[in-house]
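Here is the structure we will look at, set down as structure tokens.
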Amino acid sequence: MSIKNETSRITRRNFVGLVGAAGLGAASAAVFGAAANPDREVVQGIPTVISAAPEEPTTDHSEHNATGDSTPTTGGDSVDEMDAMHEQGILDFPAPTEGLGGQPLEYELDGDVKVFRLTCDVVRWEYAPGQYSDGYAYNGVIPGPEIRVNEGDTVRVHVTNNLPESTVIHWHGLIVPHSQDGVTFVTQPPIKPGGEFTYEFTLREGNTGSHMYHSHHNAAEQVTKGLLGAFIVEPNDPNKYGEFDREYTIILNDGPIGGFTLNGKGFPATQPVMAKKGEKVLIRYMNEGLMIHPMHLHGMPQLVVAQDGWPVPQPYLCDTVNIAPGQRFDVIVDATEVGAWAFHCHILSHAESAHGMFGMVTLFIVEE
Amino acid sequence: MSIKNETSRITRRNFVGLVGAAGLGAASAAVFGAAANPDREVVQGIPTVISAAPEEPTTDHSEHNATGDSTPTTGGDSVDEMDAMHEQGILDFPAPTEGLGGQPLEYELDGDVKVFRLTCDVVRWEYAPGQYSDGYAYNGVIPGPEIRVNEGDTVRVHVTNNLPESTVIHWHGLIVPHSQDGVTFVTQPPIKPGGEFTYEFTLREGNTGSHMYHSHHNAAEQVTKGLLGAFIVEPNDPNKYGEFDREYTIILNDGPIGGFTLNGKGFPATQPVMAKKGEKVLIRYMNEGLMIHPMHLHGMPQLVVAQDGWPVPQPYLCDTVNIAPGQRFDVIVDATEVGAWAFHCHILSHAESAHGMFGMVTLFIVEE
Amino acid sequence: MSIKNETSRITRRNFVGLVGAAGLGAASAAVFGAAANPDREVVQGIPTVISAAPEEPTTDHSEHNATGDSTPTTGGDSVDEMDAMHEQGILDFPAPTEGLGGQPLEYELDGDVKVFRLTCDVVRWEYAPGQYSDGYAYNGVIPGPEIRVNEGDTVRVHVTNNLPESTVIHWHGLIVPHSQDGVTFVTQPPIKPGGEFTYEFTLREGNTGSHMYHSHHNAAEQVTKGLLGAFIVEPNDPNKYGEFDREYTIILNDGPIGGFTLNGKGFPATQPVMAKKGEKVLIRYMNEGLMIHPMHLHGMPQLVVAQDGWPVPQPYLCDTVNIAPGQRFDVIVDATEVGAWAFHCHILSHAESAHGMFGMVTLFIVEE
């Protein structure tokens, strides 16, 4: 049986506890132990929705650890100043920010039909500590809430558009009737500002695994601004993709607004991946950005088990999984090595600057 | 038995007919039905060859749906103006433009030798409706005409260079004698302006499938400007790559001159992929650009059967095929779902702007 | 039995001899034969180490064949001037430059422990003939020296930091104890300027093949500047990856300082790959840059046998191997075709400009 969305329950206090238990070296343990405020919790509240706001998106990047700054500059910092900035990022991790996307979306049953509701809003989103952008969001969060159903389910989704522009929703990877595919003027008229639309489809046998939902109208802008989410279809055979004990979804994005993010946040505001020694962890990579992102895990190899929701003919091992825009890869990690392991995009300019780690970085933490 | 190059016979009239038959939703059918000029034909004539012209290439991008514009801007357009531009692109599809590349190149027989002729010319090429660039072309078209032969054939190609600079032709993926490999100063002297060169080689057993020919002299410029084409070798075993009923070749390019193109055209001037329900369609992706292009098909998965002309050990399913520069992937799509399905590069800035779809977008149309 | 690092013994004289023996066409042979100085040797000395220098890196790109110039410009050159520049690059290959990285690093034995020593220094590095940058280097060379050990070995590495900033070393692909993983403030404190650190770990059973070592502190800058090297673990089963007679390692980099390089050099200063007809050649690709690099070999296909050091479930053939940052792919080429074959990144702007080949280009030379 798998444990889902474990990250949402991580607080600074138990993170430090876990890291302490993980047998870090003395220097690192000292660093983690020095955290100023170990019991502050990750804020999970829904941020202020400002859908009516017609103003242009603005970006407030603080100078240090700027999420979107891919050009590292040493500037005039001394060695100790540079190192202190590097250390601060680790001390701050996982840094509290307002808003947490990707949590399970509740549904109502109408007979056998699972009924979901999504609104599209302009939100002021905190991508990294103190860094805000006016993004677009489903139900106020980036990524949108996770939709999770079972193989063969019938799904209905009511969509309300509170954006200042039209939109539609495409079910990326799902095989749905043409009229429900969500491409403006190809399968449906646009959902105008203030408008509503209802999608309904029955999932095909075999069409399971890691998929996405996102805008397919002015999409280069709307998706990179945040109109994206995970759509996961549980297979009737629970071992279709191999056995695992926990799972995480990591949605990659690289929008001009929010910079380089994992699940809508840049380091140190990213959420850690947590496991107990000996567990098998399924990770679902989904690329909603405009660039490739080769995700590199330290300490343990990754076993690739599925591509775009389809089991690969033969699972294969690697340590760096290259995910192109629109692709999904599922991997299983055997959490054999205790410790807090670096886990990041290996396009290093998406992960580290002269001021320390930022953007597409998290830690994979294995406890005894 | 496969049907080849079906796209060349598509006209606006039968496209609308097919789409109508494909059971589109009411809104879309209405949109397609509203086409102002349903019986105009796709112009397939050879465009004006202006080889002698020494002037610098010029680009005339219209403001809307600019093929090369990867930075979507909303500007001051109202919602309705934006949506109208999105709709217009779909209404215009497949938009007539001057010139159509990739059509079969005729050959003469000299004994058992298949003899082809290619000229290299400067052409004014219409990449998208009303958008022209001074490209380079084989036989006046971009991509150059398709060369198609059989496994084991002996091939002779006479090349005449009408360009204002030297060139050579490399047979990308073919195993040919060193002297015929087409790399300036490594295997041969350059073919000077006004000069000629004849290549001749016998295809090796097993060296079949989807290959390319293109310039290997000043190639970053010459290839992205249009000196490229498909070279397809039919295997003696017709089921070497699996069974299929139709086939299409999609050459990806992203030159600074013509922008993001499929077979030398940007949406809405791209050609649709057509199939009857139940047919299996082979698609040969070939990347002649400078960037990756992950090609995403809606509605039906893609079965990858070959990489660079070599059958993969085990075909695998996905919905997004990432093709890097120089690579070819062959996929087979089982056309089970009736409708006109979006089919595009999933680097969304190569496919959609605030003014609607452009560039690397087409439709995969399945009729009853 | 394999022959390693053959390239270090290539001189201009025997290169020309080999090419002459390889049966090139008359034109090319004439070109190669015209080399002005056929007996000059590739300089392999260690370049001047200027670690104490605190000044900013400077770049001296000559105008022609600029390694880092990805924007080809024709300028006002005549056809003959352009062709002469193209020819000159081939004539110059392999051009002598100061410094050669990637040579085997000697070790001392302390009981059963293999003890290596690495220093980190600022160096003035000649990336291409006459083109220098102030890079960062292990033991004065870019890439750093190759560390090669056996499956199950215990390895100790003494590191001395002579850089003007802190650093650490990460063993990319190796499964090491957490405290030895080399990530600043996550697994250890930084190694300050003038500081030292000793890593020690025992290689796991099965953790073999093609890996890397590189900085994991300010890494986007430090790695692209040159703090990188190959770490190869010989498997106890010599045929784990298939049989081969020779091997080469090709480290890809694309730093803002040195431009597009193979093993720290841009064409024509790259080293050729050499083989005798009938030999099987293992090539280890390692991407230490910030971009993908699809490596295309002319003349013979590449059999992919391993990804990130792990044997692939079923080897597969291709002619273009796309390597993303952080990835390694091992391929075996059956050297059946005599000749000097072009071998390059197929992002053509990384390999050729209007002034000829530069950057990520070499030749794969097969002799009778």
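Order determines the names: the first chain of the structure tokens is A, the second B, and so forth; residues in each chain are numbered 1 upward, and ligands are numbered 1 upward as they are shown.
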Could you work out which residues of chain B fall inside 6 Å of chain A? Count only C-alpha atoms, and format the result as an mmCIF file with N, CA, C and O atoms, in the first residue's frame.
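Resulting contents of part04.cif:
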data_model
loop_
_atom_site.group_PDB
_atom_site.id
_atom_site.type_symbol
_atom_site.label_atom_id
_atom_site.label_comp_id
_atom_site.auth_asym_id
_atom_site.auth_seq_id
_atom_site.Cartn_x
_atom_site.Cartn_y
_atom_site.Cartn_z
ATOM 1 N N GLY B 25 -17.432 18.115 -32.898
ATOM 2 C CA GLY B 25 -18.509 18.735 -32.143
ATOM 3 C C GLY B 25 -19.126 19.867 -32.935
ATOM 4 O O GLY B 25 -18.539 20.367 -33.907
ATOM 5 N N ALA B 27 -19.647 23.055 -32.433
ATOM 6 C CA ALA B 27 -18.938 24.333 -32.540
ATOM 7 C C ALA B 27 -17.845 24.249 -33.581
ATOM 8 O O ALA B 27 -17.736 25.093 -34.477
ATOM 9 N N SER B 28 -17.056 23.212 -33.513
ATOM 10 C CA SER B 28 -15.935 23.098 -34.432
ATOM 11 C C SER B 28 -16.418 22.877 -35.850
ATOM 12 O O SER B 28 -15.886 23.454 -36.800
ATOM 13 N N VAL B 79 -10.057 40.233 -25.379
ATOM 14 C CA VAL B 79 -10.299 38.794 -25.364
ATOM 15 C C VAL B 79 -10.876 38.338 -26.702
ATOM 16 O O VAL B 79 -10.426 37.352 -27.295
ATOM 17 N N GLU B 87 -9.168 31.578 -33.755
ATOM 18 C CA GLU B 87 -10.122 30.899 -34.629
ATOM 19 C C GLU B 87 -9.685 30.985 -36.095
ATOM 20 O O GLU B 87 -9.827 30.032 -36.858
ATOM 21 N N GLY B 299 -5.127 12.105 -28.603
ATOM 22 C CA GLY B 299 -6.136 11.114 -28.985
ATOM 23 C C GLY B 299 -5.688 9.684 -29.089
ATOM 24 O O GLY B 299 -6.467 8.769 -28.817
ATOM 25 N N CYS B 318 4.186 5.728 -26.219
ATOM 26 C CA CYS B 318 4.275 7.019 -25.537
ATOM 27 C C CYS B 318 3.316 7.956 -26.259
ATOM 28 O O CYS B 318 2.711 7.589 -27.271
ATOM 29 N N THR B 320 4.411 11.428 -26.455
ATOM 30 C CA THR B 320 5.286 12.551 -26.793
ATOM 31 C C THR B 320 6.646 11.976 -27.155
ATOM 32 O O THR B 320 7.294 11.344 -26.310
ATOM 33 N N GLY B 339 -11.804 11.809 -35.639
ATOM 34 C CA GLY B 339 -11.759 13.222 -35.280
ATOM 35 C C GLY B 339 -10.520 13.886 -35.842
ATOM 36 O O GLY B 339 -9.654 13.223 -36.429
ATOM 37 N N HIS B 346 5.625 19.982 -28.304
ATOM 38 C CA HIS B 346 5.166 20.365 -26.970
ATOM 39 C C HIS B 346 6.082 21.376 -26.274
ATOM 40 O O HIS B 346 5.897 21.665 -25.102
ATOM 41 N N ILE B 347 7.069 21.896 -26.958
ATOM 42 C CA ILE B 347 7.663 23.144 -26.489
ATOM 43 C C ILE B 347 6.665 24.200 -26.958
ATOM 44 O O ILE B 347 6.610 24.557 -28.135
ATOM 45 N N LEU B 348 5.820 24.624 -26.036
ATOM 46 C CA LEU B 348 4.600 25.343 -26.437
ATOM 47 C C LEU B 348 4.920 26.649 -27.149
ATOM 48 O O LEU B 348 4.127 27.111 -27.981
ATOM 49 N N SER B 349 6.083 27.207 -26.872
ATOM 50 C CA SER B 349 6.470 28.443 -27.561
ATOM 51 C C SER B 349 6.867 28.184 -29.016
ATOM 52 O O SER B 349 7.112 29.131 -29.758
ATOM 53 N N SER B 353 1.043 31.143 -29.705
ATOM 54 C CA SER B 353 1.292 32.455 -29.128
ATOM 55 C C SER B 353 -0.046 33.038 -28.685
ATOM 56 O O SER B 353 -1.090 32.411 -28.823
ATOM 57 N N ALA B 354 0.017 34.230 -28.158
ATOM 58 C CA ALA B 354 -1.218 34.900 -27.761
ATOM 59 C C ALA B 354 -2.139 35.125 -28.960
ATOM 60 O O ALA B 354 -3.332 35.388 -28.792
#
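Non-sequential neighbours of Glu205 in chain B (distance at most 9 Å, separation of 2 or more positions within a chain, only C-alpha atoms) are Glu151, Gly152, Leu203, Asn207, Thr208 and Pro235 of chain B.
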Using backbone DSSP assignments, extract all strand (DSSP E) residues from range 106-312 of chain B; output them as number ranges by chain.
-> B: 108-110, 113-128, 131-138, 147-150, 154-161, 169-172, 196-202, 209-215, 228-234, 246-255, 259-262, 273-276, 280-287, 293-297, 302-307, 310-312
DSSP-assigned alpha helix (DSSP H) among range 169-338 of chain B, expressed as a list in words = Ala219, Ala220, Glu221, Gln222, Val223, Thr224 and Lys225 of chain B
Could you write out that same residue set with N, CA, C and O atoms as a PDB file, in the first residue's frame?
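The resulting file, selection16.pdb, is shown below:
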ATOM      1  N   ALA B 219      27.053  24.293 -42.602  1.00  0.00           N
ATOM      2  CA  ALA B 219      25.787  23.572 -42.485  1.00  0.00           C
ATOM      3  C   ALA B 219      24.827  24.201 -41.486  1.00  0.00           C
ATOM      4  O   ALA B 219      23.604  24.122 -41.668  1.00  0.00           O
ATOM      5  N   ALA B 220      25.338  24.811 -40.423  1.00  0.00           N
ATOM      6  CA  ALA B 220      24.413  25.434 -39.469  1.00  0.00           C
ATOM      7  C   ALA B 220      23.537  26.448 -40.195  1.00  0.00           C
ATOM      8  O   ALA B 220      22.360  26.620 -39.877  1.00  0.00           O
ATOM      9  N   GLU B 221      24.104  27.078 -41.210  1.00  0.00           N
ATOM     10  CA  GLU B 221      23.333  28.051 -41.975  1.00  0.00           C
ATOM     11  C   GLU B 221      22.589  27.396 -43.143  1.00  0.00           C
ATOM     12  O   GLU B 221      21.394  27.627 -43.333  1.00  0.00           O
ATOM     13  N   GLN B 222      23.294  26.555 -43.907  1.00  0.00           N
ATOM     14  CA  GLN B 222      22.677  26.010 -45.119  1.00  0.00           C
ATOM     15  C   GLN B 222      21.521  25.052 -44.813  1.00  0.00           C
ATOM     16  O   GLN B 222      20.507  25.049 -45.523  1.00  0.00           O
ATOM     17  N   VAL B 223      21.659  24.242 -43.771  1.00  0.00           N
ATOM     18  CA  VAL B 223      20.591  23.275 -43.468  1.00  0.00           C
ATOM     19  C   VAL B 223      19.376  23.988 -42.887  1.00  0.00           C
ATOM     20  O   VAL B 223      18.238  23.729 -43.283  1.00  0.00           O
ATOM     21  N   THR B 224      19.613  24.904 -41.946  1.00  0.00           N
ATOM     22  CA  THR B 224      18.449  25.577 -41.364  1.00  0.00           C
ATOM     23  C   THR B 224      17.758  26.468 -42.394  1.00  0.00           C
ATOM     24  O   THR B 224      16.575  26.749 -42.262  1.00  0.00           O
ATOM     25  N   LYS B 225      18.492  26.865 -43.434  1.00  0.00           N
ATOM     26  CA  LYS B 225      17.856  27.648 -44.507  1.00  0.00           C
ATOM     27  C   LYS B 225      17.081  26.783 -45.485  1.00  0.00           C
ATOM     28  O   LYS B 225      16.353  27.323 -46.320  1.00  0.00           O
TER      29      LYS B 225
END
So which one's closest to Gly229 in chain B, B:Glu146, B:Glu337, B:Asp319, B:Glu108? Using only C-alpha atoms, please.
->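 Under the stated criterion, the closest residue is B:Glu146.
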